[in-house]
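Q: Take this structure first; my questions come after.
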Amino acid sequence: WKRYISVDPNVCHGKACIKGTRIMVSVIVDNLAAGLTSEEIIKSYPSLNHKEIKAAITYASELSQERNIAIRL
């Protein structure tokens with residue numbers, strides 16, 4: 001996903017976007033969650049391609065991974 005996703009404080013307030021665009025990862029994931037297909041998303045955002053949509057899913061998946069952190073009291 002690192003080839004396709006960027007986080008730049010000067011673009012979309014630092015939210016993760018598809019490189020070279022202002023299409024946020026959250027927009028892609030929200031559309032998928034709403035039931036849209038990749039093809040429908042690409043129709044709405046013609047600058048996107050299937051690899052970028054897969055990268056957005058992979059990025060979101062990585063963010064959702066639980067990590068255990070030991071806390072000493």
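Chains: A, B, ... in order of the structure tokens. Residues: from 1 per chain. Ligands: from 1, in order shown.
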At a cut-off of 12 Å, using only C-alpha atoms, what residues contact A:Trp1? Leave out same-chain residues fewer than 3 positions from it and give the result as a count of residues only.
A: 21
Q: Chain A: which residues are helix (DSSP H, G or I) by DSSP, as number ranges by chain?
A: A: 12-14, 25-33, 38-44, 50-64
Q: From a DSSP calculation on the backbone, collect every residue of stretch 5-42 of chain A in strand (DSSP E or B) and output the set as a count of residues only.
A: 5
Q: Provide the atom CA of A:His13 to atom CA of A:Ser64 distance in Å, to one decimal place.
A: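 Between these atoms lies a distance of 20.9 Å.
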